[in-house]
Amino acid sequence: MLHKYAAERKKIDQGAGLSLRSARMQLIQQTPDLSAYVGADEAIDHHHPLVRETAARLAQGVADSYEYARAAFEFVRDTIPHSQDSGDLRVTWRASDVLGQRTGICYAKAHALAALLRAEDIPTALCYQKFDEVHGLVAVRFNGAWHRQDPRGNKPGVDAQFSLDGERLAFVPDSESNEMDYPVLYAAPHPAVLGALTAARDRPHLWQTLPTAL
C-alpha cells in the first residue's frame, strides 16, 4: 500500500543534499541518506502502536502533509506539558512514553514530534542549541529544505510557532553570551542527550547532568 503522502514525499525529497539553507543558518545533514531521517530507533519508536494511533488521529481531516506537520507540532507543543513548567518529576525519553505519560523536557518532546512526523513519512531531524545547557528541537524537511521547529511548549516570554517561512523558535541564541545554534541535523538523538535522559532517576537528577555542550 502506498503511503498516504507518498506523492508528496517525492516533492519533499527533491533537492536532497548534504547542506541546505534554513531561514537563519546553514544546516548540515549528519548523513546524506535522507531515508535515515524517517527511520525508527529506540527513542523515536514510531512503529509503536500508540505513536501510530496518535498519528492516525492527527491525520484525520488534514488535507496534506503540511497541515499534518502543523497539527503534530501543535499537539506536542500544547498537549504535552514541559515537565519543568508543570513541576512533573518524571523523566521520559522514548517517544511512545512521552505520548503515553504526557510529560517530557525539550529533548523528549522533540523525540515525540519526530516520531509522529516520521510515522507519516515526513523526514525529520533532531537538532540542538547551546544556552546554559543544550536545548533540543527538530527540523522538518519540505520542498528540498530543512525548517527548524521547537515544540518545547509556550509560556510567558516563549512563543514558538510552526513555520516554513522564517523560524519562530522558542529561543534565539546570543552569541555574545557564548550561546549558539548547532548546525548538524541528527538522524538519531545525540549520545550525550540520550545518555543523560536514560541515566536520570528523576528530573532533579537530570537537571544536574544535562549536557552543557555537544
# chains A, B, ... in the order shown; residues from 1 in each chain; ligands from 1
>>> select_by_dssp(residues="chain A", states="strand (DSSP E)", output="ChimeraX atom specification")
/A:19-21,26-29,124-130,134-142,145-149,180-181,184-185
>>> write_last_selection(atoms="C-alpha atoms", output="PDB file, in the first residue's frame")
ATOM      1  CA  SER A  19      23.934  21.023   3.297  1.00  0.00           C
ATOM      2  CA  LEU A  20      20.863  23.237   2.945  1.00  0.00           C
ATOM      3  CA  ARG A  21      19.922  26.785   3.831  1.00  0.00           C
ATOM      4  CA  GLN A  26      23.352  26.685   7.242  1.00  0.00           C
ATOM      5  CA  LEU A  27      22.021  23.311   8.370  1.00  0.00           C
ATOM      6  CA  ILE A  28      24.165  20.248   7.713  1.00  0.00           C
ATOM      7  CA  GLN A  29      22.799  16.724   7.423  1.00  0.00           C
ATOM      8  CA  THR A 124      12.570  14.874  10.469  1.00  0.00           C
ATOM      9  CA  ALA A 125      15.922  15.589  12.106  1.00  0.00           C
ATOM     10  CA  LEU A 126      16.946  16.300  15.676  1.00  0.00           C
ATOM     11  CA  CYS A 127      18.957  19.457  16.229  1.00  0.00           C
ATOM     12  CA  TYR A 128      20.274  21.433  19.154  1.00  0.00           C
ATOM     13  CA  GLN A 129      21.114  24.856  20.528  1.00  0.00           C
ATOM     14  CA  LYS A 130      23.541  25.798  23.293  1.00  0.00           C
ATOM     15  CA  VAL A 134      21.943  22.127  25.417  1.00  0.00           C
ATOM     16  CA  HIS A 135      18.404  22.659  24.135  1.00  0.00           C
ATOM     17  CA  GLY A 136      16.700  20.217  21.753  1.00  0.00           C
ATOM     18  CA  LEU A 137      14.366  20.832  18.841  1.00  0.00           C
ATOM     19  CA  VAL A 138      13.633  19.336  15.415  1.00  0.00           C
ATOM     20  CA  ALA A 139      13.948  20.210  11.754  1.00  0.00           C
ATOM     21  CA  VAL A 140      11.356  19.097   9.217  1.00  0.00           C
ATOM     22  CA  ARG A 141      12.032  18.800   5.502  1.00  0.00           C
ATOM     23  CA  PHE A 142       9.691  20.274   2.921  1.00  0.00           C
ATOM     24  CA  ALA A 145      14.841  22.447   2.525  1.00  0.00           C
ATOM     25  CA  TRP A 146      15.013  21.928   6.285  1.00  0.00           C
ATOM     26  CA  HIS A 147      12.946  24.088   8.641  1.00  0.00           C
ATOM     27  CA  ARG A 148      13.594  24.068  12.378  1.00  0.00           C
ATOM     28  CA  GLN A 149      10.627  23.855  14.749  1.00  0.00           C
ATOM     29  CA  MET A 180      24.893  29.144  19.662  1.00  0.00           C
ATOM     30  CA  ASP A 181      22.946  27.095  17.158  1.00  0.00           C
ATOM     31  CA  VAL A 184      24.200  19.453  12.456  1.00  0.00           C
ATOM     32  CA  LEU A 185      20.947  17.652  11.727  1.00  0.00           C
TER      33      LEU A 185
END
>>> residues_around(residues="Cys106 in chain A", least_positions_apart="5", cutoff="12 Å", atoms="only C-alpha atoms", output="PyMOL selection string")
chain A and resi 76-77+80-85+91-93+95+98+111-113+126-129+133-138+149-154+170-171+193+197+210
>>> write_last_selection(atoms="N, CA, C and O atoms", output="tab-separated table (two decimals), in the first residue's frame")
chain	number	residue	atom	x	y	z
A	76	VAL	N	2.06	18.28	20.11
A	76	VAL	CA	3.16	18.06	21.06
A	76	VAL	C	3.43	19.33	21.86
A	76	VAL	O	3.65	19.27	23.08
A	77	ARG	N	3.43	20.46	21.20
A	77	ARG	CA	3.70	21.73	21.90
A	77	ARG	C	2.67	22.01	22.99
A	77	ARG	O	3.03	22.42	24.10
A	80	ILE	N	1.31	18.25	25.61
A	80	ILE	CA	2.29	17.53	26.43
A	80	ILE	C	3.09	18.59	27.19
A	80	ILE	O	3.99	19.22	26.63
A	81	PRO	N	2.78	18.81	28.47
A	81	PRO	CA	3.47	19.87	29.20
A	81	PRO	C	4.97	19.60	29.33
A	81	PRO	O	5.40	18.45	29.52
A	82	HIS	N	5.75	20.65	29.21
A	82	HIS	CA	7.18	20.55	29.55
A	82	HIS	C	7.26	20.29	31.05
A	82	HIS	O	6.64	21.00	31.84
A	83	SER	N	8.00	19.28	31.44
A	83	SER	CA	7.97	18.84	32.84
A	83	SER	C	8.50	19.89	33.80
A	83	SER	O	8.08	19.93	34.96
A	84	GLN	N	9.37	20.76	33.34
A	84	GLN	CA	9.83	21.85	34.23
A	84	GLN	C	8.70	22.84	34.48
A	84	GLN	O	8.49	23.30	35.60
A	85	ASP	N	7.93	23.14	33.45
A	85	ASP	CA	6.82	24.09	33.60
A	85	ASP	C	5.74	23.53	34.51
A	85	ASP	O	5.14	24.26	35.29
A	91	VAL	N	10.95	11.49	34.24
A	91	VAL	CA	11.81	11.69	33.08
A	91	VAL	C	11.38	10.71	32.00
A	91	VAL	O	11.36	9.49	32.22
A	92	THR	N	11.02	11.23	30.85
A	92	THR	CA	10.69	10.40	29.69
A	92	THR	C	11.71	10.67	28.60
A	92	THR	O	12.29	11.75	28.54
A	93	TRP	N	11.91	9.70	27.72
A	93	TRP	CA	12.83	9.91	26.60
A	93	TRP	C	12.38	9.18	25.34
A	93	TRP	O	12.67	9.59	24.23
A	95	ALA	N	9.69	8.17	22.58
A	95	ALA	CA	8.54	8.90	22.05
A	95	ALA	C	7.22	8.35	22.54
A	95	ALA	O	6.33	9.10	22.95
A	98	VAL	N	6.61	9.45	26.07
A	98	VAL	CA	6.25	10.87	26.13
A	98	VAL	C	4.76	11.04	25.82
A	98	VAL	O	4.04	11.76	26.52
A	111	HIS	N	11.68	14.18	20.53
A	111	HIS	CA	11.59	12.78	20.10
A	111	HIS	C	10.15	12.43	19.74
A	111	HIS	O	9.91	11.73	18.75
A	112	ALA	N	9.21	12.90	20.53
A	112	ALA	CA	7.80	12.60	20.26
A	112	ALA	C	7.35	13.21	18.94
A	112	ALA	O	6.67	12.56	18.14
A	113	LEU	N	7.72	14.47	18.69
A	113	LEU	CA	7.33	15.10	17.45
A	113	LEU	C	8.00	14.42	16.26
A	113	LEU	O	7.36	14.18	15.23
A	126	LEU	N	16.77	15.72	14.35
A	126	LEU	CA	16.95	16.30	15.68
A	126	LEU	C	18.09	17.30	15.61
A	126	LEU	O	19.12	17.05	14.96
A	127	CYS	N	17.91	18.45	16.23
A	127	CYS	CA	18.96	19.46	16.23
A	127	CYS	C	18.99	20.15	17.59
A	127	CYS	O	18.09	19.96	18.41
A	128	TYR	N	20.02	20.95	17.80
A	128	TYR	CA	20.27	21.43	19.15
A	128	TYR	C	20.79	22.87	19.14
A	128	TYR	O	21.36	23.35	18.15
A	129	GLN	N	20.57	23.53	20.26
A	129	GLN	CA	21.11	24.86	20.53
A	129	GLN	C	21.86	24.80	21.86
A	129	GLN	O	21.60	23.93	22.69
A	133	GLU	N	22.55	25.14	29.14
A	133	GLU	CA	22.58	23.72	28.79
A	133	GLU	C	22.20	23.60	27.31
A	133	GLU	O	21.78	24.56	26.67
A	134	VAL	N	22.34	22.40	26.80
A	134	VAL	CA	21.94	22.13	25.42
A	134	VAL	C	20.42	22.02	25.35
A	134	VAL	O	19.79	21.38	26.19
A	135	HIS	N	19.85	22.66	24.36
A	135	HIS	CA	18.40	22.66	24.13
A	135	HIS	C	18.10	21.86	22.87
A	135	HIS	O	18.84	21.97	21.88
A	136	GLY	N	17.03	21.07	22.88
A	136	GLY	CA	16.70	20.22	21.75
A	136	GLY	C	15.46	20.66	21.01
A	136	GLY	O	14.47	21.10	21.62
A	137	LEU	N	15.49	20.53	19.70
A	137	LEU	CA	14.37	20.83	18.84
A	137	LEU	C	14.43	19.93	17.61
A	137	LEU	O	15.22	18.98	17.59
A	138	VAL	N	13.63	20.17	16.60
A	138	VAL	CA	13.63	19.34	15.41
A	138	VAL	C	13.76	20.22	14.18
A	138	VAL	O	13.57	21.44	14.23
A	149	GLN	N	11.85	23.61	13.98
A	149	GLN	CA	10.63	23.85	14.75
A	149	GLN	C	10.91	23.49	16.20
A	149	GLN	O	11.63	22.52	16.47
A	150	ASP	N	10.33	24.22	17.14
A	150	ASP	CA	10.59	23.97	18.55
A	150	ASP	C	9.28	23.67	19.29
A	150	ASP	O	8.50	24.59	19.58
A	151	PRO	N	9.04	22.38	19.61
A	151	PRO	CA	7.79	22.01	20.30
A	151	PRO	C	7.89	22.06	21.82
A	151	PRO	O	7.06	21.47	22.50
A	152	ARG	N	8.87	22.77	22.35
A	152	ARG	CA	9.11	22.79	23.79
A	152	ARG	C	7.86	23.06	24.62
A	152	ARG	O	7.63	22.47	25.66
A	153	GLY	N	7.03	23.99	24.13
A	153	GLY	CA	5.85	24.41	24.88
A	153	GLY	C	5.96	25.89	25.22
A	153	GLY	O	6.99	26.34	25.71
A	154	ASN	N	4.91	26.62	24.93
A	154	ASN	CA	4.93	28.06	25.16
A	154	ASN	C	4.59	28.42	26.60
A	154	ASN	O	3.94	27.65	27.32
A	170	ALA	N	11.50	28.93	20.08
A	170	ALA	CA	11.30	29.34	21.47
A	170	ALA	C	12.39	30.30	21.92
A	170	ALA	O	12.12	31.25	22.67
A	171	PHE	N	13.63	30.06	21.49
A	171	PHE	CA	14.77	30.84	21.97
A	171	PHE	C	15.69	31.17	20.80
A	171	PHE	O	15.84	30.38	19.87
A	193	VAL	N	22.84	13.54	24.89
A	193	VAL	CA	21.47	13.81	25.29
A	193	VAL	C	20.79	12.52	25.76
A	193	VAL	O	20.19	12.47	26.84
A	197	LEU	N	19.35	11.44	29.62
A	197	LEU	CA	17.95	11.09	29.84
A	197	LEU	C	17.80	9.69	30.43
A	197	LEU	O	17.05	9.48	31.38
A	210	LEU	N	22.46	17.51	32.81
A	210	LEU	CA	22.17	17.95	31.44
A	210	LEU	C	23.47	18.33	30.71
A	210	LEU	O	24.35	18.97	31.29
>>> atom_distance(atom1="CA of Leu58 in chain A", atom2="CA of Glu74 in chain A")
10.3 Å
>>> atom_distance(atom1="CA of Thr103 in chain A", atom2="CA of Ala119 in chain A")
20.1 Å
>>> select_by_dssp(residues="range 1-213 of chain A", states="helix (DSSP H, G or I)", output="ChimeraX atom specification")
/A:6-13,34-38,49-59,65-79,83-86,95-101,106-119,175-177,191-199,203-209
